[in-house]
>>> print(open('final-v8.pdb').read())   # PDB, C-alpha atoms
ATOM      1  CA  MET A   1      -7.389  84.840 135.078
ATOM      2  CA  ALA A   2      -7.479  88.645 134.943
ATOM      3  CA  ARG A   3     -11.272  88.641 134.766
ATOM      4  CA  SER A   4     -11.475  86.241 137.715
ATOM      5  CA  HIS A   5      -9.089  88.429 139.709
ATOM      6  CA  VAL A   6     -11.324  91.468 139.212
ATOM      7  CA  LEU A   7     -14.338  89.573 140.522
ATOM      8  CA  VAL A   8     -12.916  87.567 143.427
ATOM      9  CA  GLY A   9      -9.562  89.165 144.204
ATOM     10  CA  ALA A  10      -6.316  87.348 144.921
ATOM     11  CA  PRO A  11      -6.034  83.810 143.488
ATOM     12  CA  VAL A  12      -5.926  82.335 146.990
ATOM     13  CA  THR A  13      -8.335  84.000 149.415
ATOM     14  CA  PRO A  14      -8.183  82.377 152.871
ATOM     15  CA  ALA A  15     -11.349  84.006 154.190
ATOM     16  CA  THR A  16     -14.104  86.428 153.356
ATOM     17  CA  PRO A  17     -14.430  89.607 155.434
ATOM     18  CA  ALA A  18     -16.422  89.374 158.649
ATOM     19  CA  VAL A  19     -19.149  91.952 159.319
ATOM     20  CA  ARG A  20     -19.488  93.532 162.747
ATOM     21  CA  ARG A  21     -22.541  94.967 164.471
ATOM     22  CA  LEU A  22     -22.671  98.747 164.523
ATOM     23  CA  GLU A  23     -24.207 101.243 166.922
ATOM     24  CA  ILE A  24     -25.168 104.889 166.457
ATOM     25  CA  ALA A  25     -22.141 105.757 168.581
ATOM     26  CA  ASP A  26     -19.966 104.268 165.832
ATOM     27  CA  LEU A  27     -21.358 106.793 163.353
ATOM     28  CA  LYS A  28     -20.519 109.644 165.702
ATOM     29  CA  ASP A  29     -17.009 108.300 166.186
ATOM     30  CA  ALA A  30     -16.515 107.829 162.435
ATOM     31  CA  LEU A  31     -17.589 111.432 161.802
ATOM     32  CA  ARG A  32     -15.305 112.643 164.583
ATOM     33  CA  LYS A  33     -12.359 110.777 163.072
ATOM     34  CA  GLY A  34     -13.315 112.008 159.622
ATOM     35  CA  TRP A  35     -13.191 115.567 160.890
ATOM     36  CA  ALA A  36      -9.835 114.839 162.554
ATOM     37  CA  ASP A  37      -8.450 113.592 159.237
ATOM     38  CA  PHE A  38      -9.759 116.681 157.485
ATOM     39  CA  SER A  39      -8.282 118.932 160.183
ATOM     40  CA  GLU A  40      -4.940 117.192 159.821
ATOM     41  CA  MET A  41      -4.993 117.333 156.014
ATOM     42  CA  PRO A  42      -7.329 120.257 155.109
ATOM     43  CA  SER A  43      -5.458 121.616 152.110
ATOM     44  CA  HIS A  44      -5.037 118.149 150.678
ATOM     45  CA  ALA A  45      -8.703 117.312 151.100
ATOM     46  CA  ILE A  46      -9.845 120.542 149.458
ATOM     47  CA  PHE A  47      -7.349 119.937 146.645
ATOM     48  CA  LEU A  48      -8.952 116.560 146.044
ATOM     49  CA  CYS A  49     -12.572 117.701 146.293
ATOM     50  CA  VAL A  50     -12.537 121.152 144.742
ATOM     51  CA  ILE A  51     -13.449 119.578 141.412
ATOM     52  CA  TYR A  52     -16.714 118.396 142.952
ATOM     53  CA  PRO A  53     -18.175 121.869 143.729
ATOM     54  CA  ILE A  54     -16.673 123.313 140.547
ATOM     55  CA  VAL A  55     -18.412 120.695 138.429
ATOM     56  CA  GLY A  56     -21.580 121.300 140.422
ATOM     57  CA  ILE A  57     -21.438 125.017 139.666
ATOM     58  CA  VAL A  58     -20.813 124.337 135.989
ATOM     59  CA  LEU A  59     -23.747 121.936 135.871
ATOM     60  CA  ALA A  60     -25.974 124.500 137.585
ATOM     61  CA  GLN A  61     -24.943 127.117 135.033
ATOM     62  CA  LEU A  62     -25.544 124.756 132.129
ATOM     63  CA  ILE A  63     -29.027 123.838 133.285
ATOM     64  CA  PHE A  64     -30.030 127.334 134.351
ATOM     65  CA  GLY A  65     -31.469 127.720 130.898
ATOM     66  CA  TYR A  66     -35.201 127.241 131.112
ATOM     67  CA  ALA A  67     -35.243 124.287 128.732
ATOM     68  CA  MET A  68     -33.095 122.268 131.155
ATOM     69  CA  LEU A  69     -34.513 123.655 134.398
ATOM     70  CA  PRO A  70     -36.453 120.463 135.298
ATOM     71  CA  PHE A  71     -33.140 118.584 135.469
ATOM     72  CA  LEU A  72     -31.653 120.777 138.197
ATOM     73  CA  PHE A  73     -32.809 118.657 141.126
ATOM     74  CA  PRO A  74     -32.258 115.245 139.438
ATOM     75  CA  LEU A  75     -28.687 116.243 138.536
ATOM     76  CA  ALA A  76     -27.905 117.582 141.996
ATOM     77  CA  ALA A  77     -29.423 114.535 143.687
ATOM     78  CA  GLY A  78     -27.924 112.095 141.211
ATOM     79  CA  PHE A  79     -24.515 113.698 141.580
ATOM     80  CA  ALA A  80     -24.493 112.394 145.172
ATOM     81  CA  LEU A  81     -24.767 108.832 143.832
ATOM     82  CA  LEU A  82     -21.239 109.233 142.481
ATOM     83  CA  GLY A  83     -19.867 110.515 145.793
ATOM     84  CA  PRO A  84     -18.296 107.186 146.854
ATOM     85  CA  LEU A  85     -16.393 107.064 143.581
ATOM     86  CA  ALA A  86     -15.317 110.712 143.870
ATOM     87  CA  ALA A  87     -13.990 110.067 147.396
ATOM     88  CA  LEU A  88     -11.523 107.305 146.448
ATOM     89  CA  GLY A  89      -8.524 109.550 147.035
ATOM     90  CA  LEU A  90      -9.846 110.464 150.474
ATOM     91  CA  TYR A  91     -10.200 106.808 151.456
ATOM     92  CA  GLU A  92      -6.610 106.236 150.401
ATOM     93  CA  MET A  93      -5.345 109.187 152.428
ATOM     94  CA  SER A  94      -7.190 107.981 155.528
ATOM     95  CA  ARG A  95      -5.849 104.466 154.927
ATOM     96  CA  ARG A  96      -2.303 105.797 154.803
ATOM     97  CA  ARG A  97      -2.801 107.966 157.880
ATOM     98  CA  ASP A  98      -4.194 104.966 159.779
ATOM     99  CA  ALA A  99      -1.101 102.993 158.824
ATOM    100  CA  GLY A 100       1.248 105.809 159.836
ATOM    101  CA  LEU A 101       2.384 106.417 156.256
ATOM    102  CA  GLU A 102       3.105 109.689 154.469
ATOM    103  CA  THR A 103      -0.096 111.449 153.420
ATOM    104  CA  ASP A 104       0.758 114.315 151.083
ATOM    105  CA  ALA A 105      -1.728 115.169 148.345
ATOM    106  CA  SER A 106       0.032 113.190 145.631
ATOM    107  CA  HIS A 107      -0.683 109.915 147.425
ATOM    108  CA  ALA A 108      -4.360 110.253 146.562
ATOM    109  CA  LEU A 109      -3.310 109.189 143.070
ATOM    110  CA  ASP A 110      -1.925 105.937 144.480
ATOM    111  CA  VAL A 111      -5.411 104.556 143.914
ATOM    112  CA  LEU A 112      -4.308 104.109 140.302
ATOM    113  CA  TYR A 113      -1.612 101.686 141.486
ATOM    114  CA  SER A 114      -3.939  99.588 143.611
ATOM    115  CA  PRO A 115      -4.051  95.866 142.755
ATOM    116  CA  SER A 116      -7.844  96.253 142.921
ATOM    117  CA  ILE A 117      -8.034  99.010 140.295
ATOM    118  CA  GLY A 118      -9.942  96.721 137.916
ATOM    119  CA  ALA A 119     -12.511  95.878 140.591
ATOM    120  CA  ILE A 120     -12.758  99.558 141.582
ATOM    121  CA  ALA A 121     -13.395 100.467 137.943
ATOM    122  CA  ALA A 122     -16.077  97.755 137.677
ATOM    123  CA  LEU A 123     -17.976  99.081 140.699
ATOM    124  CA  GLY A 124     -17.466 102.635 139.436
ATOM    125  CA  ILE A 125     -19.129 101.692 136.152
ATOM    126  CA  LEU A 126     -21.991 100.205 138.151
ATOM    127  CA  LEU A 127     -22.468 103.511 139.986
ATOM    128  CA  MET A 128     -22.304 105.421 136.700
ATOM    129  CA  PHE A 129     -24.987 103.146 135.269
ATOM    130  CA  LEU A 130     -27.120 103.827 138.364
ATOM    131  CA  PHE A 131     -26.583 107.583 137.920
ATOM    132  CA  PHE A 132     -27.682 107.636 134.281
ATOM    133  CA  THR A 133     -30.598 105.319 135.015
ATOM    134  CA  TRP A 134     -31.748 107.781 137.682
ATOM    135  CA  LEU A 135     -31.555 110.681 135.224
ATOM    136  CA  ALA A 136     -33.602 108.732 132.676
ATOM    137  CA  THR A 137     -36.138 107.823 135.354
ATOM    138  CA  ALA A 138     -36.420 111.416 136.564
ATOM    139  CA  ASP A 139     -36.935 112.580 132.992
ATOM    140  CA  GLY A 140     -39.667 109.984 132.488
ATOM    141  CA  ILE A 141     -41.450 111.085 135.671
ATOM    142  CA  TYR A 142     -41.362 114.742 134.602
ATOM    143  CA  VAL A 143     -42.713 113.918 131.153
ATOM    144  CA  ALA A 144     -45.477 111.814 132.720
ATOM    145  CA  TYR A 145     -46.740 114.825 134.692
ATOM    146  CA  PHE A 146     -45.885 117.788 132.453
ATOM    147  CA  GLY A 147     -45.336 116.342 129.012
ATOM    148  CA  TYR A 148     -42.484 117.380 126.758
ATOM    149  CA  ALA A 149     -43.122 121.135 127.017
ATOM    150  CA  MET A 150     -40.468 122.948 129.010
ATOM    151  CA  PRO A 151     -41.174 125.934 131.328
ATOM    152  CA  SER A 152     -40.907 129.355 129.732
ATOM    153  CA  SER A 153     -39.428 130.948 132.860
ATOM    154  CA  PHE A 154     -38.047 130.107 136.270
ATOM    155  CA  GLU A 155     -41.128 131.646 137.914
ATOM    156  CA  GLN A 156     -43.448 129.459 135.865
ATOM    157  CA  PHE A 157     -41.468 126.354 136.755
ATOM    158  CA  VAL A 158     -41.644 127.095 140.492
ATOM    159  CA  HIS A 159     -45.363 127.888 140.213
ATOM    160  CA  ASP A 160     -46.120 124.666 138.295
ATOM    161  CA  VAL A 161     -44.142 122.474 140.694
ATOM    162  CA  PHE A 162     -45.422 123.870 143.994
ATOM    163  CA  THR A 163     -48.969 125.001 143.249
ATOM    164  CA  THR A 164     -50.429 122.384 140.913
ATOM    165  CA  PRO A 165     -51.530 118.762 141.452
ATOM    166  CA  ALA A 166     -49.106 117.675 138.723
ATOM    167  CA  GLY A 167     -46.288 119.460 140.518
ATOM    168  CA  TRP A 168     -46.987 117.767 143.830
ATOM    169  CA  GLY A 169     -47.281 114.437 142.050
ATOM    170  CA  LEU A 170     -43.858 115.087 140.535
ATOM    171  CA  ILE A 171     -42.412 115.929 143.957
ATOM    172  CA  ILE A 172     -43.850 112.860 145.671
ATOM    173  CA  VAL A 173     -43.145 110.293 142.968
ATOM    174  CA  GLY A 174     -39.765 111.808 142.114
ATOM    175  CA  ASN A 175     -38.601 111.757 145.711
ATOM    176  CA  LEU A 176     -39.821 108.188 146.205
ATOM    177  CA  ALA A 177     -37.906 107.118 143.103
ATOM    178  CA  GLY A 178     -34.856 109.052 144.263
ATOM    179  CA  PHE A 179     -35.052 107.352 147.639
ATOM    180  CA  VAL A 180     -34.953 103.933 145.954
ATOM    181  CA  PHE A 181     -31.871 104.898 143.938
ATOM    182  CA  ALA A 182     -30.199 106.324 147.047
ATOM    183  CA  VAL A 183     -30.806 103.079 148.949
ATOM    184  CA  VAL A 184     -29.355 101.028 146.098
ATOM    185  CA  ALA A 185     -26.281 103.294 145.974
ATOM    186  CA  LEU A 186     -25.838 102.982 149.740
ATOM    187  CA  VAL A 187     -26.068  99.194 149.605
ATOM    188  CA  ILE A 188     -23.571  99.012 146.737
ATOM    189  CA  SER A 189     -21.016 101.451 148.081
ATOM    190  CA  ALA A 190     -21.336 101.554 151.885
ATOM    191  CA  VAL A 191     -17.944  99.867 152.383
ATOM    192  CA  SER A 192     -17.066  98.338 149.012
ATOM    193  CA  PHE A 193     -14.582 100.961 147.780
ATOM    194  CA  PRO A 194     -12.650 101.288 151.076
ATOM    195  CA  LEU A 195     -12.531  97.490 151.317
ATOM    196  CA  LEU A 196     -11.046  97.217 147.821
ATOM    197  CA  LEU A 197      -8.343  99.739 148.709
ATOM    198  CA  ASP A 198      -7.529  97.901 151.922
ATOM    199  CA  ARG A 199      -7.792  94.258 150.832
ATOM    200  CA  GLU A 200      -7.402  92.336 147.591
ATOM    201  CA  VAL A 201     -10.843  90.720 147.617
ATOM    202  CA  GLY A 202     -12.339  91.519 144.204
ATOM    203  CA  ALA A 203     -15.498  93.341 143.139
ATOM    204  CA  ALA A 204     -17.921  90.482 143.884
ATOM    205  CA  VAL A 205     -16.672  90.023 147.453
ATOM    206  CA  ALA A 206     -16.589  93.780 148.111
ATOM    207  CA  LEU A 207     -20.136  94.187 146.809
ATOM    208  CA  HIS A 208     -21.383  91.213 148.824
ATOM    209  CA  THR A 209     -19.686  92.535 151.964
ATOM    210  CA  SER A 210     -21.271  95.964 151.497
ATOM    211  CA  ILE A 211     -24.701  94.355 151.170
ATOM    212  CA  ARG A 212     -24.095  92.319 154.328
ATOM    213  CA  VAL A 213     -23.085  95.417 156.291
ATOM    214  CA  VAL A 214     -26.335  97.165 155.363
ATOM    215  CA  LEU A 215     -28.545  94.102 155.958
ATOM    216  CA  ASP A 216     -26.912  93.307 159.307
ATOM    217  CA  ASN A 217     -27.111  96.929 160.484
ATOM    218  CA  PRO A 218     -30.269  98.362 158.885
ATOM    219  CA  ARG A 219     -31.015 100.950 161.578
ATOM    220  CA  VAL A 220     -27.489 102.292 161.816
ATOM    221  CA  MET A 221     -26.910 102.330 158.061
ATOM    222  CA  ALA A 222     -30.247 104.067 157.497
ATOM    223  CA  ALA A 223     -29.088 106.715 159.973
ATOM    224  CA  TRP A 224     -25.793 106.961 158.101
ATOM    225  CA  GLY A 225     -27.611 107.451 154.809
ATOM    226  CA  LEU A 226     -29.703 110.206 156.399
ATOM    227  CA  VAL A 227     -26.599 111.919 157.778
ATOM    228  CA  VAL A 228     -24.932 111.794 154.360
ATOM    229  CA  ALA A 229     -28.041 113.155 152.620
ATOM    230  CA  VAL A 230     -28.488 116.039 155.089
ATOM    231  CA  LEU A 231     -24.815 117.030 154.974
ATOM    232  CA  LEU A 232     -24.746 116.911 151.175
ATOM    233  CA  VAL A 233     -27.828 119.141 150.998
ATOM    234  CA  LEU A 234     -26.267 121.608 153.437
ATOM    235  CA  GLY A 235     -22.989 121.462 151.529
ATOM    236  CA  SER A 236     -24.776 122.218 148.275
ATOM    237  CA  LEU A 237     -25.992 125.576 149.626
ATOM    238  CA  PRO A 238     -25.096 127.883 148.143
ATOM    239  CA  PHE A 239     -23.842 126.748 144.741
ATOM    240  CA  PHE A 240     -22.205 123.525 146.007
ATOM    241  CA  ILE A 241     -19.367 125.463 147.680
ATOM    242  CA  GLY A 242     -19.835 123.753 151.041
ATOM    243  CA  LEU A 243     -19.065 120.405 149.439
ATOM    244  CA  ALA A 244     -15.379 121.374 149.585
ATOM    245  CA  VAL A 245     -15.658 120.670 153.328
ATOM    246  CA  VAL A 246     -18.543 118.189 153.475
ATOM    247  CA  MET A 247     -17.110 115.820 150.875
ATOM    248  CA  PRO A 248     -13.710 115.304 152.519
ATOM    249  CA  VAL A 249     -15.218 114.888 155.977
ATOM    250  CA  LEU A 250     -17.707 112.302 154.705
ATOM    251  CA  GLY A 251     -15.010 110.592 152.644
ATOM    252  CA  HIS A 252     -12.659 110.223 155.580
ATOM    253  CA  ALA A 253     -15.549 109.227 157.864
ATOM    254  CA  THR A 254     -16.580 106.504 155.410
ATOM    255  CA  TRP A 255     -13.132 104.965 155.691
ATOM    256  CA  HIS A 256     -13.406 104.870 159.491
ATOM    257  CA  LEU A 257     -16.936 103.473 159.293
ATOM    258  CA  TYR A 258     -15.600 100.687 157.062
ATOM    259  CA  ARG A 259     -12.931  99.893 159.656
ATOM    260  CA  LYS A 260     -15.620  99.616 162.312
ATOM    261  CA  ALA A 261     -18.039  97.585 160.180
ATOM    262  CA  VAL A 262     -15.684  95.074 158.550
ATOM    263  CA  ASP A 263     -13.021  92.739 159.922
ATOM    264  CA  ALA A 264     -10.913  91.938 156.878
ATOM    265  CA  GLU A 265      -7.659  91.068 158.600
ATOM    266  CA  ARG A 266      -7.721  87.481 157.308
ATOM    267  CA  CYS A 267      -8.062  88.663 153.692
ATOM    268  CA  PRO A 268      -5.007  89.394 151.519
ATOM    269  CA  ALA A 269      -3.736  92.915 152.090
ATOM    270  CA  ALA A 270      -3.637  95.145 149.029
ATOM    271  CA  LYS A 271      -0.050  95.527 147.859
ATOM    272  CA  PHE A 272       0.180  98.668 145.770
ATOM    273  CA  ARG A 273       2.447  98.726 142.741
ATOM    274  CA  ASN A 274       5.285 101.227 142.962
ATOM    275  CA  PRO A 275       4.739 104.358 140.842
ATOM    276  CA  SER A 276       7.149 105.092 138.038
ATOM    277  CA  PRO A 277      10.255 107.260 138.761
ATOM    278  CA  ARG A 278       8.568 110.105 136.860
ATOM    279  CA  ARG A 279       5.476 109.744 139.080
ATOM    280  CA  ARG A 280       7.663 109.778 142.240
ATOM    281  CA  TYR A 281       9.413 112.948 141.057
ATOM    282  CA  ALA A 282       6.086 114.626 140.242
ATOM    283  CA  ALA A 283       4.775 113.723 143.711
ATOM    284  CA  ASP A 284       6.899 116.505 145.215
ATOM    285  CA  PHE A 285       5.114 119.221 143.256
ATOM    286  CA  PRO A 286       1.648 119.120 144.950
ATOM    287  CA  THR A 287       3.376 118.865 148.334
ATOM    288  CA  SER A 288       5.138 122.162 147.789
ATOM    289  CA  LEU A 289       1.865 123.801 146.815
ATOM    290  CA  PHE A 290      -0.409 122.471 149.538
ATOM    291  CA  GLY A 291       1.915 122.063 152.507
TER     292      GLY A 291
END
>>> encode(input="final-v8.pdb", output="structure tokens")
Amino acid sequence: MARSHVLVGAPVTPATPAVRRLEIADLKDALRKGWADFSEMPSHAIFLCVIYPIVGIVLAQLIFGYAMLPFLFPLAAGFALLGPLAALGLYEMSRRRDAGLETDASHALDVLYSPSIGAIAALGILLMFLFFTWLATADGIYVAYFGYAMPSSFEQFVHDVFTTPAGWGLIIVGNLAGFVFAVVALVISAVSFPLLLDREVGAAVALHTSIRVVLDNPRVMAAWGLVVAVLLVLGSLPFFIGLAVVMPVLGHATWHLYRKAVDAERCPAAKFRNPSPRRRYAADFPTSLFG
């Protein structure tokens, strides 16, 4: 029964979510509302996302050694594949704000009390698998063009990548492969995680709904993917610091895009379990710190 619940949600599901048609104007409105959420809850959003740029900086430091230099771009690009999973707390805060509920920073942890936590974990594992598969693929492409020898200096690496036929082959093939992985990640996670927080539908239904949203709105969702990619690149400069703003805005905007793309009112609403008394007491601590 538990395994079935993870896949298909509540035991009795009266209807599957309906998918709406989207327009470019919907993307603009979702971004506007995402910015409004961030403006309303800036300290909370930074509190949730600060780990993202910090980890990015640490990764950059770890791979700054010449032996790992070829993995700089694959790691930075692949890190974005995990963005939908990293933004779970932001979806929850936007969900609560939409419903007129309290939205202090501690409520981001309410994701752990979601009835869909098993389904969320299942899709999270799927994204992690995609991330590590991308890293393995990127490594294979590099080895195919440059072999197992690593660059002896940063200058040599830049020279080899941008001034040799092998380097341009690496750029072209690597970016094409990265594009495929990015498309797969978009299809998997366009609305699946927000849907699971909002409705008790299960991983299979959430995944299927996300695929339908992308297939029914290919032009708009392609534009959304481009917007996300451009903003993540801008937020990564310099040293991933801008992601402290870009990530929360995109996270909140994704929630609002889900609300525009999916009509799930006929599906069972997610009824969160109450946190323990200790958890409720601890919830006051972040509030006092972040306003």
>>> residues_around(input="final-v8.pdb", residues="A:Gln156", least_positions_apart="5", cutoff="12 Å", atoms="only C-alpha atoms", output="ChimeraX atom specification")
/A:66,69-70,150-151,161-164,167
>>> closest_residue(input="final-v8.pdb", among="A:Gly34, A:Pro268, A:Gly235, A:Gly89", to="A:Asp198", atoms="all atoms listed in the file")
A:Pro268
>>> atom_distance(input="final-v8.pdb", atom1="atom CA of A:Ala206", atom2="atom CA of A:Leu226")
22.6 Å
>>> atom_distance(input="final-v8.pdb", atom1="atom CA of A:Ser192", atom2="atom CA of A:Leu215")
14.1 Å
>>> atom_distance(input="final-v8.pdb", atom1="atom CA of A:His208", atom2="atom CA of A:Ile188")
8.4 Å
>>> closest_residue(input="final-v8.pdb", among="A:Ala30, A:Ile141, A:Val19, A:Ile125", to="A:Ala253", atoms="only C-alpha atoms")
A:Ala30
>>> closest_residue(input="final-v8.pdb", among="A:Leu82, A:Ala264, A:Leu126, A:Val227", to="A:Arg20", atoms="only C-alpha atoms")
A:Ala264
>>> closest_residue(input="final-v8.pdb", among="A:Leu123, A:Ala77, A:Leu88, A:Val214", to="A:Val262", atoms="all atoms listed in the file")
A:Val214
>>> closest_residue(input="final-v8.pdb", among="A:Val111, A:Phe154, A:Pro42, A:His252", to="A:Leu72", atoms="all atoms listed in the file")
A:Phe154
>>> resolve_selection(input="final-v8.pdb", expression="the PyMOL selection byres ((chain A and resi 223) around 12)", output="VMD selection string")
chain A and resid 22 to 28 183 186 214 217 to 222 224 to 230
>>> resolve_selection(input="final-v8.pdb", expression="the PyMOL selection byres ((chain A and resi 119) around 7)", output="PyMOL selection string")
chain A and resi 6-7+116-118+120-123+202-203
>>> resolve_selection(input="final-v8.pdb", expression="the PyMOL selection byres ((chain A and resi 199) around 9)", output="number ranges by chain")
A: 9, 116, 194-198, 200-202, 264-265, 267-271
>>> residues_around(input="final-v8.pdb", residues="A:Met128", least_positions_apart="6", cutoff="10 Å", atoms="all atoms listed in the file", output="JSON, numbers by chain")
{"A": [78, 79, 81, 82, 85, 122, 134]}
>>> closest_residue(input="final-v8.pdb", among="A:Leu207, A:Ser236, A:Lys33, A:Leu250", to="A:Thr16", atoms="only C-alpha atoms")
A:Leu207
>>> decode(input="final-v8.pdb", residues="stretch 237-256 of chain A", atoms="N, CA and C atoms", output="short mmCIF file (atom, residue, chain, number, x, y, z; two decimals), in the first residue's frame")
data_model
loop_
_atom_site.label_atom_id
_atom_site.label_comp_id
_atom_site.auth_asym_id
_atom_site.auth_seq_id
_atom_site.Cartn_x
_atom_site.Cartn_y
_atom_site.Cartn_z
N LEU A 237 27.54 34.43 -11.89
CA LEU A 237 28.65 35.37 -12.07
C LEU A 237 28.52 36.51 -11.08
N PRO A 238 29.50 36.78 -10.27
CA PRO A 238 30.70 35.95 -10.13
C PRO A 238 30.55 34.98 -8.96
N PHE A 239 31.13 33.84 -9.05
CA PHE A 239 31.25 32.87 -7.96
C PHE A 239 29.90 32.45 -7.38
N PHE A 240 28.86 32.39 -8.21
CA PHE A 240 27.56 31.86 -7.81
C PHE A 240 26.82 32.75 -6.80
N ILE A 241 27.33 33.93 -6.50
CA ILE A 241 26.72 34.76 -5.47
C ILE A 241 25.32 35.22 -5.88
N GLY A 242 25.15 35.54 -7.16
CA GLY A 242 23.85 36.01 -7.62
C GLY A 242 22.73 35.00 -7.49
N LEU A 243 23.09 33.74 -7.30
CA LEU A 243 22.06 32.71 -7.14
C LEU A 243 21.25 32.91 -5.87
N ALA A 244 21.77 33.67 -4.91
CA ALA A 244 21.02 33.96 -3.69
C ALA A 244 19.77 34.78 -4.00
N VAL A 245 19.75 35.47 -5.14
CA VAL A 245 18.56 36.19 -5.58
C VAL A 245 17.85 35.42 -6.70
N VAL A 246 18.62 34.93 -7.66
CA VAL A 246 18.02 34.24 -8.81
C VAL A 246 17.25 33.00 -8.40
N MET A 247 17.83 32.19 -7.51
CA MET A 247 17.18 30.95 -7.11
C MET A 247 15.82 31.17 -6.46
N PRO A 248 15.71 32.07 -5.45
CA PRO A 248 14.39 32.27 -4.87
C PRO A 248 13.37 32.83 -5.84
N VAL A 249 13.79 33.76 -6.70
CA VAL A 249 12.83 34.32 -7.66
C VAL A 249 12.32 33.22 -8.60
N LEU A 250 13.24 32.41 -9.12
CA LEU A 250 12.84 31.32 -10.01
C LEU A 250 12.00 30.28 -9.27
N GLY A 251 12.36 30.00 -8.02
CA GLY A 251 11.60 29.03 -7.24
C GLY A 251 10.17 29.49 -7.03
N HIS A 252 10.00 30.72 -6.59
CA HIS A 252 8.65 31.25 -6.40
C HIS A 252 7.90 31.33 -7.73
N ALA A 253 8.61 31.75 -8.78
CA ALA A 253 7.96 31.86 -10.10
C ALA A 253 7.50 30.50 -10.60
N THR A 254 8.26 29.45 -10.30
CA THR A 254 7.88 28.11 -10.73
C THR A 254 6.57 27.69 -10.09
N TRP A 255 6.39 28.05 -8.82
CA TRP A 255 5.12 27.75 -8.16
C TRP A 255 3.96 28.42 -8.91
N HIS A 256 4.13 29.69 -9.25
CA HIS A 256 3.05 30.43 -9.92
C HIS A 256 2.83 29.91 -11.34
#
